[in-house]
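Enquirer: Here you go, this is upload-v6.txt (compact mmCIF, C-alpha atoms).
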```txt
# COMPACT_ATOMS: atom_id res chain seq x y z
CA MET A 123 73.93 95.00 91.02
CA LYS A 124 75.89 96.10 94.08
CA LEU A 125 79.47 95.01 94.66
CA LEU A 126 81.00 95.59 98.11
CA ILE A 127 84.80 96.01 98.25
CA VAL A 128 86.32 95.93 101.74
CA SER A 129 89.98 96.69 102.44
CA PHE A 130 91.54 97.96 105.65
CA SER A 131 93.92 100.24 103.74
CA ARG A 132 93.77 103.78 102.37
CA LEU A 133 91.84 102.97 99.24
CA GLU A 134 92.68 106.05 97.21
CA SER A 135 96.42 105.22 97.44
CA ASP A 136 96.20 101.40 97.33
CA PRO A 137 97.04 100.38 93.75
CA ARG A 138 95.53 96.91 94.00
CA ILE A 139 92.20 98.19 95.33
CA ARG A 140 92.06 100.93 92.73
CA ARG A 141 92.47 98.32 90.02
CA GLN A 142 89.54 96.37 91.46
CA ILE A 143 87.35 99.47 91.51
CA ASP A 144 88.32 100.45 87.96
CA LEU A 145 87.60 96.93 86.73
CA PHE A 146 84.04 96.81 88.09
CA ARG A 147 82.85 100.44 88.23
CA ASP A 148 81.13 100.34 84.82
CA GLU A 149 79.16 97.12 85.36
CA TRP A 150 78.47 97.22 89.09
CA GLU A 151 77.43 99.77 91.67
CA VAL A 152 80.62 99.68 93.72
CA VAL A 153 80.37 100.29 97.48
CA THR A 154 83.69 100.61 99.31
CA VAL A 155 84.80 100.24 102.93
CA GLY A 156 88.24 101.33 104.07
CA TYR A 157 90.42 104.13 105.42
CA GLY A 158 90.66 107.55 103.84
CA PRO A 159 88.31 109.44 101.53
CA ALA A 160 86.12 107.91 98.86
CA PRO A 161 88.19 106.60 95.93
CA ASP A 162 87.26 107.42 92.35
CA GLY A 163 84.68 104.98 91.03
CA SER A 164 83.00 104.31 94.37
CA SER A 165 79.28 105.12 94.37
CA LEU A 166 79.15 104.95 98.19
CA HIS A 167 82.05 104.88 100.62
CA TYR A 168 82.20 104.01 104.32
CA GLU A 169 85.33 105.62 105.78
CA VAL A 170 86.73 103.65 108.70
CA PRO A 171 88.12 106.09 111.32
CA GLU A 172 91.90 106.27 111.29
CA GLN A 173 91.99 105.89 115.08
CA TYR A 174 90.85 102.28 114.65
CA PRO A 175 93.83 100.55 112.98
CA ILE A 176 93.08 97.01 111.85
CA TRP A 177 96.24 95.60 113.43
CA ARG A 178 95.13 96.56 116.96
CA TYR A 179 93.44 93.42 118.25
CA PRO A 180 92.82 92.81 121.98
CA ARG A 181 96.00 91.25 123.33
CA ALA A 182 94.60 89.30 126.26
CA THR A 183 92.03 87.34 124.27
CA MET A 184 94.55 86.69 121.49
CA ILE A 185 97.08 85.27 123.96
CA LEU A 186 94.31 83.11 125.47
CA ARG A 187 93.33 82.00 121.94
CA MET A 188 89.78 83.27 122.34
CA TYR A 189 89.79 84.11 118.67
CA ARG A 190 86.13 84.95 118.09
CA ARG A 191 86.25 87.51 120.89
CA THR A 192 89.57 88.79 119.55
CA TYR A 193 88.16 89.37 116.08
CA ASP A 194 84.92 90.96 117.28
CA GLY A 195 86.87 93.09 119.77
CA ASN A 196 88.82 94.86 117.03
CA GLN A 197 87.56 98.47 116.86
CA ALA A 198 87.76 98.68 113.07
CA ILE A 199 85.74 95.47 112.70
CA ALA A 200 83.22 96.69 115.27
CA TRP A 201 82.87 100.04 113.48
CA VAL A 202 82.11 98.36 110.16
CA ARG A 203 79.61 96.04 111.81
CA GLN A 204 77.82 99.02 113.36
CA ASN A 205 77.90 101.38 110.38
CA VAL A 206 77.73 99.32 107.19
CA PRO A 207 74.31 97.75 106.57
CA ALA A 208 74.24 94.00 106.00
CA GLY A 209 72.36 92.09 103.34
CA GLU A 210 72.35 94.87 100.73
CA TYR A 211 75.04 93.60 98.33
CA ASP A 212 74.91 91.05 95.55
CA ALA A 213 78.61 90.15 95.85
CA ALA A 214 81.73 91.27 97.68
CA ILE A 215 85.51 91.27 97.55
CA ALA A 216 87.31 90.87 100.88
CA ASN A 217 90.88 92.16 100.62
CA ASP A 218 93.28 90.33 102.92
CA VAL A 219 92.40 87.94 105.69
CA ASP A 220 91.18 90.57 108.17
CA ALA A 221 88.34 91.62 105.85
CA ALA A 222 86.95 88.13 105.27
CA GLY A 223 85.22 87.80 108.64
CA ILE A 224 83.35 91.08 108.46
CA VAL A 225 82.37 90.41 104.85
CA THR A 226 80.73 87.16 105.92
CA ALA A 227 78.80 89.16 108.55
CA LEU A 228 77.66 91.66 105.89
CA ALA A 229 76.12 88.68 104.06
CA PRO A 230 76.46 89.39 100.33
CA ARG A 231 73.61 87.51 98.65
CA ASN A 232 75.73 85.48 96.24
CA GLY A 233 78.89 85.12 98.30
CA PHE A 234 82.30 86.75 98.17
CA HIS A 235 85.75 86.58 96.65
CA ALA A 236 88.81 86.78 98.95
CA ASP A 237 91.89 88.50 97.57
CA LEU A 238 94.84 87.38 99.69
CA HIS A 239 97.59 89.88 98.97
CA GLU A 240 100.35 87.88 100.67
CA PHE A 241 100.78 84.65 102.61
CA ALA A 242 99.23 86.13 105.74
CA PRO A 243 100.40 83.62 108.39
CA LEU A 244 104.04 84.54 107.68
CA GLN A 245 103.81 88.24 106.88
CA ASN A 246 105.90 89.29 109.92
CA SER A 247 107.46 85.96 110.70
CA GLU A 248 110.80 87.56 111.63
CA LEU A 249 109.12 88.69 114.89
CA LEU A 250 108.79 86.14 117.71
CA ARG A 251 105.58 87.69 119.08
CA PHE A 252 104.01 87.41 115.63
CA ARG A 253 104.92 83.73 115.34
CA LEU A 254 103.66 82.91 118.84
CA PHE A 255 100.44 84.90 119.00
CA VAL A 256 99.38 86.52 115.72
CA ALA A 257 100.07 83.74 113.22
CA PRO A 258 97.76 81.20 114.98
CA PHE A 259 95.00 83.84 114.99
CA ILE A 260 95.46 84.45 111.26
CA ARG A 261 95.34 80.72 110.57
CA TRP A 262 92.05 80.58 112.50
CA GLN A 263 90.66 83.36 110.31
CA LEU A 264 91.70 81.49 107.19
CA ARG A 265 90.01 78.28 108.34
CA THR A 266 86.93 80.06 109.72
CA PHE A 267 86.24 82.89 107.26
CA VAL A 268 88.34 82.62 104.10
CA ALA A 269 87.28 78.99 103.72
CA GLN A 270 83.75 80.32 103.11
CA ALA A 271 84.81 82.35 100.05
CA ALA A 272 83.45 81.25 96.70
CA SER A 273 86.86 81.99 95.14
CA THR A 274 90.26 83.37 96.08
CA SER A 275 93.24 85.09 94.49
CA THR A 276 96.77 86.06 95.47
CA VAL A 277 99.82 87.81 94.03
CA GLY A 278 102.21 85.01 92.97
CA GLU A 279 102.54 81.35 92.13
CA SER A 280 104.60 80.33 95.18
CA ILE A 281 102.12 81.94 97.58
CA ALA A 282 99.17 80.34 95.75
CA GLU A 283 100.82 76.94 96.02
CA ARG A 284 101.41 77.37 99.76
CA TYR A 285 97.79 78.42 100.39
CA HIS A 286 96.68 75.27 98.58
CA ARG A 287 99.14 73.06 100.44
CA GLU A 288 98.29 74.34 103.94
CA PHE A 289 94.64 75.40 103.68
CA GLY A 290 93.21 73.54 100.70
CA ILE A 291 92.19 76.68 98.83
CA ASP A 292 93.09 77.33 95.19
CA PRO A 293 93.81 81.03 94.57
CA VAL A 294 94.16 82.29 91.03
CA VAL A 295 97.21 84.49 90.54
CA VAL A 296 96.56 88.19 89.90
CA MET A 297 99.93 89.90 89.96
CA ASN A 298 100.35 93.51 91.11
CA ALA A 299 100.68 94.97 87.64
CA PRO A 300 99.54 98.53 86.79
CA ALA A 301 97.71 99.49 83.62
CA LEU A 302 99.55 99.26 80.32
CA ALA A 303 101.37 102.57 79.86
CA ASP A 304 101.87 104.15 76.46
CA LEU A 305 105.43 105.37 77.03
CA PRO A 306 108.56 105.50 74.86
CA VAL A 307 111.75 103.54 75.29
CA ARG A 308 114.13 106.40 76.01
CA PRO A 309 117.83 106.33 75.08
CA VAL A 310 120.17 105.29 77.87
CA ALA A 311 121.72 108.29 79.61
CA ASP A 312 125.38 108.84 80.46
CA PRO A 313 125.75 108.33 83.38
CA ILE A 314 123.20 105.52 83.54
CA ARG A 315 120.26 106.70 85.67
CA ILE A 316 119.13 104.19 88.32
CA VAL A 317 115.96 104.70 90.36
CA HIS A 318 114.20 103.14 93.33
CA ALA A 319 110.69 104.13 94.41
CA GLY A 320 109.04 102.46 97.37
CA ALA A 321 108.31 102.41 101.07
CA ALA A 322 111.04 103.56 103.46
CA LEU A 323 110.82 100.54 105.77
CA ARG A 324 113.79 99.29 107.75
CA ASN A 325 113.25 95.64 106.76
CA ARG A 326 113.66 96.68 103.09
CA ARG A 327 117.34 97.56 103.82
CA ILE A 328 117.47 100.39 101.30
CA GLU A 329 120.92 101.32 102.59
CA VAL A 330 122.20 98.36 100.55
CA LEU A 331 121.29 100.21 97.34
CA ILE A 332 123.11 103.36 98.48
CA ASP A 333 126.23 101.43 99.47
CA ALA A 334 126.23 99.44 96.21
CA VAL A 335 126.05 102.58 94.06
CA ALA A 336 128.73 104.28 96.15
CA ALA A 337 131.08 101.34 95.55
CA THR A 338 130.50 100.55 91.87
CA THR A 339 133.07 101.31 89.20
CA SER A 340 130.30 101.96 86.65
CA ASN A 341 129.23 105.47 85.71
CA VAL A 342 125.79 105.55 87.36
CA THR A 343 123.57 107.69 89.55
CA LEU A 344 120.78 106.66 91.93
CA ASP A 345 117.61 108.61 92.74
CA LEU A 346 115.43 107.44 95.63
CA PHE A 347 111.73 108.35 95.89
CA LEU A 348 110.82 107.42 99.47
CA PRO A 349 107.75 108.40 101.52
CA PRO A 350 108.22 108.95 105.28
CA ASN A 351 106.93 105.55 106.44
CA ASP A 352 109.57 105.52 109.17
CA PRO A 353 110.90 109.07 109.72
CA GLY A 354 113.83 107.88 111.80
CA TYR A 355 114.93 105.41 109.15
CA LEU A 356 114.42 107.98 106.41
CA ALA A 357 116.71 110.40 108.27
CA GLU A 358 119.38 107.69 108.46
CA LEU A 359 119.09 107.10 104.71
CA ARG A 360 119.40 110.83 104.00
CA GLU A 361 122.59 111.00 106.04
CA ARG A 362 124.00 107.96 104.22
CA ALA A 363 123.05 109.29 100.78
CA ALA A 364 124.69 112.64 101.54
CA GLN A 365 128.06 110.86 101.67
CA THR A 366 128.07 110.17 97.91
CA PRO A 367 127.30 112.71 95.16
CA ARG A 368 125.91 109.89 93.02
CA VAL A 369 122.81 109.43 95.21
CA ARG A 370 119.86 111.81 95.61
CA MET A 371 116.84 111.58 97.91
CA LEU A 372 113.77 113.04 96.20
CA GLU A 373 110.22 113.67 97.34
CA PRO A 374 107.77 110.87 96.45
CA VAL A 375 105.47 111.48 93.51
CA PRO A 376 101.71 110.75 93.41
CA PHE A 377 100.72 107.24 92.36
CA ASP A 378 99.09 108.50 89.16
CA ARG A 379 102.37 110.08 88.00
CA LEU A 380 104.80 107.43 89.19
CA VAL A 381 105.26 105.35 86.02
CA GLU A 382 105.57 108.48 83.88
CA THR A 383 108.23 109.81 86.28
CA LEU A 384 110.13 106.51 86.24
CA ASN A 385 110.20 106.62 82.43
CA GLN A 386 112.89 109.32 82.69
CA TYR A 387 115.33 106.71 84.08
CA ASP A 388 117.22 103.71 82.70
CA VAL A 389 117.26 101.03 85.43
CA GLY A 390 114.83 100.33 88.27
CA ILE A 391 116.46 98.63 91.25
CA HIS A 392 114.70 96.60 93.92
CA VAL A 393 116.75 94.30 96.14
CA LEU A 394 114.24 93.12 98.74
CA ALA A 395 115.97 91.55 101.72
CA SER A 396 114.67 88.08 102.51
CA THR A 397 113.64 89.01 106.05
CA ASN A 398 110.42 86.98 105.99
CA TYR A 399 108.50 84.60 103.76
CA ASN A 400 106.52 87.26 101.92
CA ASN A 401 109.61 89.33 101.18
CA THR A 402 111.29 86.20 99.85
CA TYR A 403 108.44 85.37 97.46
CA ALA A 404 107.31 88.91 96.67
CA MET A 405 106.15 90.09 93.25
CA PRO A 406 105.82 93.76 94.24
CA ASN A 407 104.16 96.66 92.47
CA LYS A 408 107.47 98.29 91.64
CA PHE A 409 108.65 95.30 89.55
CA PHE A 410 105.75 95.93 87.18
CA GLU A 411 105.99 99.71 87.43
CA TYR A 412 109.59 99.51 86.24
CA VAL A 413 108.49 97.36 83.29
CA GLN A 414 105.68 99.77 82.38
CA ALA A 415 108.22 102.62 82.57
CA ARG A 416 110.33 100.69 80.02
CA LEU A 417 113.31 100.31 82.34
CA GLY A 418 115.83 97.59 82.80
CA LEU A 419 115.73 95.98 86.26
CA VAL A 420 118.29 94.99 88.88
CA ILE A 421 116.98 92.72 91.61
CA GLY A 422 118.16 90.34 94.30
CA PRO A 423 117.74 86.55 94.07
CA SER A 424 114.04 86.61 95.02
CA PRO A 425 112.56 83.48 93.37
CA GLU A 426 109.32 84.95 91.94
CA MET A 427 110.96 88.13 90.67
CA LYS A 428 113.94 86.19 89.29
CA ARG A 429 111.65 83.77 87.45
CA ASN A 430 109.79 86.56 85.70
CA LEU A 431 112.85 88.72 85.04
CA GLU A 432 114.70 85.87 83.37
CA ARG A 433 111.61 84.78 81.43
CA TYR A 434 111.41 88.17 79.74
CA GLY A 435 115.13 89.05 79.72
CA ILE A 436 114.57 92.44 81.30
CA GLY A 437 117.47 92.82 83.73
CA GLY A 438 120.16 91.43 85.99
CA VAL A 439 120.03 89.42 89.23
CA ALA A 440 122.43 89.85 92.14
CA GLU A 441 123.74 86.68 93.76
CA GLY A 442 122.81 87.95 97.23
CA PHE A 443 120.98 90.73 99.02
CA ASP A 444 124.15 92.43 100.29
CA ALA A 445 125.77 95.54 98.87
CA ALA A 446 128.79 93.69 97.47
CA SER A 447 126.55 91.37 95.43
CA VAL A 448 124.58 94.31 94.04
CA THR A 449 127.79 96.20 93.27
CA ARG A 450 129.00 93.29 91.13
CA VAL A 451 125.86 93.57 88.97
CA LEU A 452 126.25 97.33 88.69
CA ASP A 453 129.94 96.93 87.75
CA GLY A 454 128.79 94.96 84.72
CA LEU A 455 126.34 97.57 83.43
CA SER A 456 126.84 99.00 79.96
CA ARG A 457 124.70 101.41 78.00
CA GLU A 458 124.27 98.78 75.28
CA GLY A 459 123.19 96.12 77.77
CA VAL A 460 120.75 98.44 79.51
CA ALA A 461 119.30 99.46 76.14
CA ALA A 462 118.60 95.77 75.41
CA TRP A 463 116.88 95.37 78.80
CA LYS A 464 114.73 98.43 78.12
CA ALA A 465 113.69 97.09 74.73
CA ALA A 466 112.79 93.75 76.38
CA SER A 467 110.64 95.58 78.97
CA ASP A 468 108.81 97.29 76.11
CA ARG A 469 108.03 93.90 74.58
CA ALA A 470 106.95 92.46 77.95
CA ALA A 471 104.81 95.44 79.01
CA PRO A 472 101.48 94.23 77.53
CA GLU A 473 101.74 90.83 79.24
CA LEU A 474 102.93 92.33 82.53
CA SER A 475 100.06 94.82 82.75
CA ALA A 476 96.79 94.99 84.66
CA GLN A 477 94.88 94.26 81.47
CA ALA A 478 96.51 90.83 81.34
CA GLN A 479 96.10 90.14 85.09
CA VAL A 480 92.68 91.40 86.21
CA PRO A 481 90.60 88.88 84.19
CA GLY A 482 91.19 86.53 87.13
CA TRP A 483 89.12 88.86 89.32
CA LYS A 484 86.54 89.47 86.63
CA ARG A 485 85.84 85.78 86.11
CA ALA A 486 85.46 85.28 89.87
CA VAL A 487 83.08 88.21 90.42
CA ASP A 488 81.14 87.57 87.22
CA ALA A 489 80.51 84.05 88.50
CA LEU A 490 79.03 85.55 91.68
CA GLY A 491 76.84 87.85 89.61
CA ALA A 492 75.65 84.99 87.45
CA SER A 493 74.60 83.03 90.55
CA ARG A 494 71.98 85.59 91.57
CA SER A 495 68.54 84.21 92.09
```
Now that the file is in, can you turn its structure into structure tokens?

Expert:
Amino acid sequence: MKLLIVSFSRLESDPRIRRQIDLFRDEWEVVTVGYGPAPDGSSLHYEVPEQYPIWRYPRATMILRMYRRTYDGNQAIAWVRQNVPAGEYDAAIANDVDAAGIVTALAPRNGFHADLHEFAPLQNSELLRFRLFVAPFIRWQLRTFVAQAASTSTVGESIAERYHREFGIDPVVVMNAPALADLPVRPVADPIRIVHAGAALRNRRIEVLIDAVAATTSNVTLDLFLPPNDPGYLAELRERAAQTPRVRMLEPVPFDRLVETLNQYDVGIHVLASTNYNNTYAMPNKFFEYVQARLGLVIGPSPEMKRNLERYGIGGVAEGFDAASVTRVLDGLSREGVAAWKAASDRAAPELSAQAQVPGWKRAVDALGASRS
């Protein structure tokens, strides 16, 4: 049977999509649609041209709330409609809200599953133009297209509850956990080695981590693995990091080597500023990557991350998202305490792995396969 997976991301570097492909590649003929080259495990790939970004919807029709014309007027959507044949798939997975409408047009015989990576109506809610114009359009897509999905999933309990409360859908939770890694629990170094690996985006406020390490009385170092998402912001971070010998900026490593690279460290730090709803309730990839690397964690008071960190006893939580709050946590670090966190991550790794999370997708897609006529 043919399974269509649609995501308007670069599939070969999108961890969540790669987990979907790996899960189904042996039992289904997987056809993919997205940006970039064909990912491993795809039997047929339709590469959406990079010059057609999914976020570029016609402004005039969006402002006038002519939402059907807005959706159809998106060049990426139009390209898929023109180049990907309809009616040839037994089931489909639509990743994020934007993909749901075109998946309905491609008419998988037994329906589709919608994987909602975040709470889409509030993904950029710190921006006034998003709240006024984009959010109503996303809500229309949810009511018009996602409501047709046979099943849904999302990344955390709080987001699932909000989707149910506002849209009456019941997503299962499939957290962003990578595969279980067979890695050792390494002894804690002296100085304690702290690491952060993630996107260099201004709303992540990575400068807080640099300032916190510069101010702590503990014997620690910080390495940052940051891709050039925002070159201007990255240059600012480099200048800031150069002011303290404890902080290094390193080149990002490929996704396939990330967890193994992180295993050389002691503590993974991720203090995600609460700049919008999805940042507030995030359960990001790096939380799970740090666990699979057998690290202790230091985070901010993000409710979903805090809930899981405290459940497994794998790290410390800052009282706020500011540098002073993070410094207070770092001031309390000891090699013995970090060693206990690392041992707890080792115990938690099987449960916080893809193997424990992806059955939610498998049950949903298997149900679509079983419904074939």

Enquirer: Could you list, as a list in words, every residue within 8 Å of Pro313 in chain A, counting all atoms listed in the file and ignoring same-chain residues fewer than 6 positions away?

Expert: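 Final neighbour list, sorted by chain and number: Asn341, Val342 and Thr343 of chain A.
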
Enquirer: Quick one: of A:Ile332, A:Val202, A:Leu474, A:Ala415, who's nearest to Leu228 in chain A, counting all atoms listed in the file?

Expert: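 Nearest candidate to Leu228 in chain A out of A:Ile332, A:Val202, A:Leu474, A:Ala415: A:Val202.
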
Enquirer: Give the answer as one residue: which of A:Val294, A:Val451, A:Ala461, A:Val487 has the shortest atom-to-atom distance to Thr338 in chain A, using all atoms listed in the file?

Expert: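 Between A:Val294, A:Val451, A:Ala461, A:Val487, the residue approaching Thr338 in chain A most closely is A:Val451.
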
Enquirer: Work out where the centre of an axis-aligned box around every listed atom of range 200-216 of chain A lies and how long its edges are once 8 Å is added on each side; give both in Å to one decimal as lines of an AutoDock Vina configuration file.

Expert:
```
center_x = 79.8
center_y = 95.8
center_z = 105.4
size_x = 31.0
size_y = 27.2
size_z = 35.7
```

Enquirer: Find the spatial neighbours of Arg147 in chain A, counting all atoms listed in the file, within a cut-off of 12 Å - ignore same-chain residues fewer than 6 positions away - and output them as a PyMOL selection string.

Expert: chain A and resi 123-127+139-141+153-154+161-166+484

Enquirer: Can you measure CA of Asn407 in chain A to CA of Asp488 in chain A for me? One decimal in Å is fine.

Expert: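 Distance between the two atoms: 25.3 Å.
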
Enquirer: Could you give me, as a PyMOL selection string, the residues within 12 Å of Gln142 in chain A, counting all atoms listed in the file and dropping anything in the same chain fewer than 6 positions from it?

Expert: chain A and resi 125-129+133-134+136+148+150+152-154+161-164+214-217+235+237+296+298-301+476-477+479-484+486-487

Enquirer: One decimal, in Å: what's the spacing between CA of Gly233 in chain A and CA of Asp212 in chain A?

Expert: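 Between CA of Gly233 in chain A and CA of Asp212 in chain A the gap works out to 7.7 Å.
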
Enquirer: Take the point (110.9, 87.6, 113.6) as written in the file and pick out every residue within 12 Å of it, counting all atoms listed in the file; give the list as a list in words.

Expert: Leu244, Gln245, Asn246, Ser247, Glu248, Leu249, Leu250, Arg251, Phe252, Arg253, Leu254, Val256, Ala257, Asn325, Ser396, Thr397, Asn398 and Tyr399 of chain A

Enquirer: Would you work out the distance separating CA of Ser275 in chain A from CA of Val295 in chain A, expressed in Å to one decimal?

Expert: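 Atom-to-atom, CA of Ser275 in chain A and CA of Val295 in chain A are spaced 5.6 Å apart.
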
Enquirer: Quick one: which range 268-361 of chain A residues come within 12 Å of range 419-424 of chain A, and what is the nearest atom pair for each with the distance in Å to one decimal, counting only C-alpha atoms, rows ordered by chain and ascending number, as a tab-separated table?

Expert:
```
residue	atom	partner	partner_atom	distance
A:Ser280	CA	A:Ser424	CA	11.3
A:Arg315	CA	A:Leu419	CA	11.7
A:Ile316	CA	A:Leu419	CA	9.1
A:Val317	CA	A:Leu419	CA	9.6
A:His318	CA	A:Val420	CA	10.1
A:Arg326	CA	A:Gly422	CA	11.7
A:Arg327	CA	A:Gly422	CA	12.0
A:Val330	CA	A:Gly422	CA	10.9
A:Leu331	CA	A:Ile421	CA	10.4
A:Ala334	CA	A:Val420	CA	11.7
```

Enquirer: With distances taken over only C-alpha atoms, which of A:Gln414, A:Val310, A:Ala319, A:Leu394 is nearest to Met371 in chain A?

Expert: A:Ala319

Enquirer: Nearest to Tyr157 in chain A among A:Ala198, A:Met405, A:Leu238, A:Leu145, with distances taken over all atoms listed in the file: which residue is it?

Expert: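 Once distances to Tyr157 in chain A are computed over all atoms listed in the file, the minimum belongs to A:Ala198.
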
Enquirer: Dump as a list in words all residues having an atom at most 6 Å from (86.1, 107.4, 104.5), computed in the file's coordinates with all atoms listed in the file.

Expert: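 Output of the proximity query reads Tyr157, Gly158, Pro159, Ala160, Tyr168, Glu169 and Val170 of chain A.
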
Enquirer: Between A:Leu346, A:Asp333, A:Tyr403, A:Asp388, which one has atoms that come closest to Gln365 in chain A, using only C-alpha atoms?

Expert: A:Asp333
